[in-house]
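Following: one structure in structure tokens, then a few remarks.
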Amino acid sequence: MFTLRITFSGLCLFVPEAAGGGPNGRMHVLMPGMFGDHHCGTDRHVPALSYDAGALVQGGPALGVAAIARLTGYALSFGGGDTASLSLCGHIPDLKEITNQGVDPDHLADDTRGKLVSRVTLRAGTITRVAQGVCWEWRPGEFRPIAHRVEWEIPDVDADRVTVIATPLRGGGASKALGTLFPTDGLLSLTVFHDTVDNLPPDPLPAEHQPTLSPGQEAPHFAAFYGVFGGPVPMLLPRFWGKLSECPPLTDGCAPLPPNMGGSAYGCVVAGVGI
């Protein structure tokens, strides 16, 4: 047995789907397509899976070399039994409070023809830690941190390997194998990105060269989340306020990831849609 750890980085929308009316089910992570001029240039986002190349060899050591696979047009699924926790902590803002509706159900189906470029479905496990980021103004006068990375763990995977299969988002076509991966010391770590090319392996921009924001600037590309609700909805965009230390603490926050774990706190942040 081992623990499967998946870290999501960038423009990712966490959407719970209850199973049988209970507290558990599936957690879908939607990666919305960009719009207008954001399809190209420095705003272009790429969904990708990355892992240490050493995981391709059973018993092999970590190599510190990132293998990366393109996910555009494909969906992944991990775990089984529809036992995933549906809880979203306070570092993941709930857009249902703004839109008063859930996402278009088509985006959760096996054959989706909506505005997604990729999707990951988690059928077991829970959120464990987040990169808590910086302080944002949410509603006027309401200040909160918003995560830009989210760690998910599926414990007690009853196997000695995982074969990652990408299935077409839009039905038809062939699935593709992205690798058979082996844990080391009881842990297999993957990262799913939906970010700009500058933030992707194998050579992301160092932290000191990452762009920052001025107070009052909106979270980059956050508006793309509202395109998956199936029609016009009210929109609220977070505005940069200051350092994390300038925010009041959250009573329902997630445990923090170490600050040197990657990703840009000033770039794309995550969001969720509560049940």
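Going by the structure tokens order, chains are called A, B, ..., each with residues numbered from 1, while ligands are numbered from 1 in the order shown.
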- For A:Gly141, work out the shell of residues within 12 Å, counting only C-alpha atoms and skipping chain neighbours fewer than 2 positions away, then give it as a PyMOL selection string. chain A and resi 136-139+143-144+238-239+241+247-248
- Message: Using only C-alpha atoms, which protein or nucleic acid residues come within 7 Å of A:Glu17? Drop anything in the same chain fewer than 5 positions from it, and give the result as a ChimeraX atom specification.
- Response: /A:25-27
Please save N, CA and C atoms of the selected residues as an mmCIF file, in the first residue's frame.
data_model
loop_
_atom_site.group_PDB
_atom_site.id
_atom_site.type_symbol
_atom_site.label_atom_id
_atom_site.label_comp_id
_atom_site.auth_asym_id
_atom_site.auth_seq_id
_atom_site.Cartn_x
_atom_site.Cartn_y
_atom_site.Cartn_z
ATOM 1 N N GLY A 25 -18.255 11.361 -2.148
ATOM 2 C CA GLY A 25 -18.591 11.196 -3.557
ATOM 3 C C GLY A 25 -17.362 11.371 -4.414
ATOM 4 N N ARG A 26 -17.467 12.239 -5.420
ATOM 5 C CA ARG A 26 -16.348 12.532 -6.309
ATOM 6 C C ARG A 26 -16.015 14.020 -6.225
ATOM 7 N N MET A 27 -14.731 14.313 -6.316
ATOM 8 C CA MET A 27 -14.296 15.703 -6.434
ATOM 9 C C MET A 27 -13.734 15.884 -7.840
#
- Message: I need the strand (DSSP E) residues of stretch 54-156 of chain A per DSSP on the backbone, written as a PyMOL selection string.
- Response: chain A and resi 66-70+74-78+84-85+116-122+126-131+135-137+143-145+149-156
Okay, now the selection with N, CA and C atoms, as a short mmCIF file (atom, residue, chain, number, x, y, z; two decimals), in the first residue's frame?
data_model
loop_
_atom_site.label_atom_id
_atom_site.label_comp_id
_atom_site.auth_asym_id
_atom_site.auth_seq_id
_atom_site.Cartn_x
_atom_site.Cartn_y
_atom_site.Cartn_z
N ALA A 66 11.93 16.11 -14.15
CA ALA A 66 10.48 16.10 -14.32
C ALA A 66 10.09 15.50 -15.66
N ALA A 67 9.24 14.47 -15.61
CA ALA A 67 8.55 14.00 -16.81
C ALA A 67 7.24 14.77 -16.89
N ILE A 68 6.82 15.13 -18.10
CA ILE A 68 5.61 15.94 -18.25
C ILE A 68 4.80 15.44 -19.43
N ALA A 69 3.47 15.41 -19.25
CA ALA A 69 2.57 14.93 -20.29
C ALA A 69 1.46 15.96 -20.49
N ARG A 70 1.15 16.27 -21.73
CA ARG A 70 0.10 17.23 -22.08
C ARG A 70 -1.27 16.62 -21.81
N TYR A 74 -8.13 16.00 -22.55
CA TYR A 74 -8.20 14.70 -21.87
C TYR A 74 -8.62 14.86 -20.41
N ALA A 75 -9.14 13.77 -19.87
CA ALA A 75 -9.53 13.69 -18.47
C ALA A 75 -8.77 12.56 -17.79
N LEU A 76 -8.50 12.74 -16.50
CA LEU A 76 -7.88 11.71 -15.66
C LEU A 76 -8.82 11.37 -14.53
N SER A 77 -8.68 10.15 -13.98
CA SER A 77 -9.45 9.73 -12.83
C SER A 77 -8.55 8.94 -11.90
N PHE A 78 -8.69 9.21 -10.59
CA PHE A 78 -7.87 8.52 -9.59
C PHE A 78 -8.77 8.05 -8.45
N ALA A 84 -14.52 10.06 -1.99
CA ALA A 84 -13.75 11.29 -1.80
C ALA A 84 -14.48 12.23 -0.85
N SER A 85 -13.70 12.93 -0.02
CA SER A 85 -14.27 13.99 0.81
C SER A 85 -14.71 15.15 -0.07
N LEU A 116 -14.20 23.20 -21.16
CA LEU A 116 -13.04 22.68 -20.44
C LEU A 116 -11.93 22.31 -21.40
N VAL A 117 -10.69 22.47 -20.92
CA VAL A 117 -9.55 21.93 -21.67
C VAL A 117 -9.05 20.64 -21.04
N SER A 118 -9.41 20.42 -19.77
CA SER A 118 -9.03 19.17 -19.10
C SER A 118 -9.82 19.05 -17.81
N ARG A 119 -9.82 17.84 -17.23
CA ARG A 119 -10.53 17.59 -15.98
C ARG A 119 -9.86 16.41 -15.28
N VAL A 120 -9.81 16.50 -13.95
CA VAL A 120 -9.36 15.37 -13.13
C VAL A 120 -10.49 15.03 -12.17
N THR A 121 -10.86 13.75 -12.08
CA THR A 121 -11.88 13.30 -11.15
C THR A 121 -11.21 12.46 -10.07
N LEU A 122 -11.47 12.84 -8.82
CA LEU A 122 -10.89 12.18 -7.65
C LEU A 122 -12.00 11.42 -6.95
N THR A 126 -8.77 13.23 0.11
CA THR A 126 -9.19 14.51 0.66
C THR A 126 -8.12 15.57 0.43
N ILE A 127 -8.52 16.82 0.53
CA ILE A 127 -7.55 17.92 0.54
C ILE A 127 -6.76 17.86 1.83
N THR A 128 -5.45 18.00 1.73
CA THR A 128 -4.60 17.95 2.92
C THR A 128 -3.95 19.29 3.23
N ARG A 129 -3.34 19.94 2.22
CA ARG A 129 -2.66 21.22 2.45
C ARG A 129 -2.84 22.12 1.23
N VAL A 130 -2.62 23.41 1.44
CA VAL A 130 -2.69 24.36 0.32
C VAL A 130 -1.53 25.35 0.45
N ALA A 131 -1.14 25.92 -0.69
CA ALA A 131 -0.28 27.10 -0.68
C ALA A 131 -1.18 28.29 -0.40
N CYS A 135 -2.88 38.02 0.36
CA CYS A 135 -4.16 38.54 0.83
C CYS A 135 -4.91 39.21 -0.32
N TRP A 136 -6.19 38.84 -0.48
CA TRP A 136 -7.04 39.39 -1.54
C TRP A 136 -8.26 40.06 -0.92
N GLU A 137 -8.74 41.11 -1.58
CA GLU A 137 -10.04 41.66 -1.22
C GLU A 137 -11.09 40.93 -2.05
N PHE A 143 -11.44 40.66 3.40
CA PHE A 143 -10.08 40.28 3.01
C PHE A 143 -9.83 38.82 3.39
N ARG A 144 -9.21 38.09 2.47
CA ARG A 144 -9.01 36.66 2.69
C ARG A 144 -7.85 36.17 1.85
N PRO A 145 -7.12 35.16 2.34
CA PRO A 145 -6.14 34.48 1.48
C PRO A 145 -6.86 33.52 0.54
N ARG A 149 -2.19 26.69 -4.90
CA ARG A 149 -1.86 25.27 -5.04
C ARG A 149 -2.64 24.49 -4.01
N VAL A 150 -3.12 23.31 -4.38
CA VAL A 150 -3.91 22.47 -3.47
C VAL A 150 -3.36 21.05 -3.54
N GLU A 151 -3.08 20.49 -2.38
CA GLU A 151 -2.57 19.11 -2.29
C GLU A 151 -3.72 18.17 -1.90
N TRP A 152 -3.82 17.08 -2.64
CA TRP A 152 -4.85 16.06 -2.40
C TRP A 152 -4.14 14.74 -2.16
N GLU A 153 -4.58 13.98 -1.15
CA GLU A 153 -3.97 12.68 -0.87
C GLU A 153 -5.02 11.58 -0.85
N ILE A 154 -4.67 10.47 -1.49
CA ILE A 154 -5.44 9.24 -1.42
C ILE A 154 -4.59 8.23 -0.66
N PRO A 155 -4.92 7.94 0.59
CA PRO A 155 -4.10 7.02 1.38
C PRO A 155 -4.44 5.56 1.09
N ASP A 156 -3.55 4.69 1.48
CA ASP A 156 -3.80 3.24 1.47
C ASP A 156 -4.23 2.72 0.11
#
- Between A:Arg113, A:Val269, A:Val134, A:Leu30, which has the minimum distance to A:Glu246 (counting only C-alpha atoms)?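 Closest residue, counting only C-alpha atoms: A:Val134.
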- Task: Taking the DSSP assignment computed from this structure's backbone, write out as a PyMOL selection string all residues of stretch 74-220 of chain A that belong to helix (DSSP H, G or I).
- Result: chain A and resi 96-99+105-108+197-199+207-209
Write to file, as a PDB file, in the first residue's frame, the residues of the selection just made, with C-alpha atoms.
ATOM      1  CA  LYS A  96     -21.783  29.162  -5.665  1.00  0.00           C
ATOM      2  CA  GLU A  97     -22.166  31.921  -3.085  1.00  0.00           C
ATOM      3  CA  ILE A  98     -21.738  34.369  -5.981  1.00  0.00           C
ATOM      4  CA  THR A  99     -23.519  32.605  -8.846  1.00  0.00           C
ATOM      5  CA  PRO A 105     -23.636  19.301 -15.339  1.00  0.00           C
ATOM      6  CA  ASP A 106     -22.221  18.562 -18.783  1.00  0.00           C
ATOM      7  CA  HIS A 107     -18.778  19.442 -17.446  1.00  0.00           C
ATOM      8  CA  LEU A 108     -18.958  16.462 -15.058  1.00  0.00           C
ATOM      9  CA  VAL A 197       4.112  28.091 -19.928  1.00  0.00           C
ATOM     10  CA  ASP A 198       6.458  30.174 -17.761  1.00  0.00           C
ATOM     11  CA  ASN A 199       5.296  28.195 -14.709  1.00  0.00           C
ATOM     12  CA  ALA A 207      10.366  33.106  -7.749  1.00  0.00           C
ATOM     13  CA  GLU A 208      12.452  36.276  -7.954  1.00  0.00           C
ATOM     14  CA  HIS A 209      11.464  36.708 -11.617  1.00  0.00           C
TER      15      HIS A 209
END
- Message: Taking only C-alpha atoms into account, name the residue in A:Asp104, A:Asp252, A:Asp43, A:Asp52 that is nearest to A:Pro183.
- Response: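 Closest to A:Pro183, using only C-alpha atoms: A:Asp52.
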- So, counting only C-alpha atoms, which residue among A:Leu86, A:Ala224, A:Leu95, A:Val57 is closest to A:Gly125?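 The answer is A:Leu86, which sits nearest to A:Gly125.
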- Message: Excluding A:Ser9 and its own-chain neighbours fewer than 5 positions away, which residues fall within 7 Å of it when counting only C-alpha atoms? Please give them as an MDAnalysis selection string.
- Response: chainID A and resid 148:150 192:194 263
Output for the residues just chosen: C-alpha atoms as an mmCIF file, in the first residue's frame:
data_model
loop_
_atom_site.group_PDB
_atom_site.id
_atom_site.type_symbol
_atom_site.label_atom_id
_atom_site.label_comp_id
_atom_site.auth_asym_id
_atom_site.auth_seq_id
_atom_site.Cartn_x
_atom_site.Cartn_y
_atom_site.Cartn_z
ATOM 1 C CA HIS A 148 -2.857 28.899 -5.665
ATOM 2 C CA ARG A 149 -1.858 25.266 -5.044
ATOM 3 C CA VAL A 150 -3.905 22.466 -3.473
ATOM 4 C CA VAL A 192 -1.354 18.633 -12.285
ATOM 5 C CA PHE A 193 -0.777 22.080 -13.758
ATOM 6 C CA HIS A 194 -3.150 24.456 -15.460
ATOM 7 C CA GLY A 263 3.732 28.161 -8.051
#
- Would you work out the distance separating atom CA of A:Leu237 from atom CA of A:Pro201, expressed in Å to one decimal? 28.2 Å
- Item | Nearest candidate to A:Gln132 (options A:Gly81, A:Gly90, A:Gly54, A:Pro232; using only C-alpha atoms) |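 Among the listed residues, A:Gly90 lies closest to A:Gln132.
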- Using only C-alpha atoms: which of A:Ile92, A:Ala159, A:Val270, A:Ala124 has the shortest distance to A:Met31: A:Val270
- Item | Nearest-residue call for A:Leu200, choices A:Gly80, A:Arg44, A:Leu169, A:Met1, using only C-alpha atoms | A:Arg44
- Item | One-decimal distance in Å that lies between atom CA of A:Val15 and atom CA of A:Tyr266 |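 That distance, rounded to one decimal, is 23.0 Å.
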- Task: Skip A:Asp111 itself and residues of its chain fewer than 6 positions away, then list as a PyMOL selection string all residues within 10 Å of it, counting only C-alpha atoms.
- Result: chain A and resi 168-172
- Task: For atom CA of A:Leu236 and atom CA of A:Pro47, determine how far apart the two atoms are, in Å to one decimal place.
- Result: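 Distance between the two atoms: 24.3 Å.
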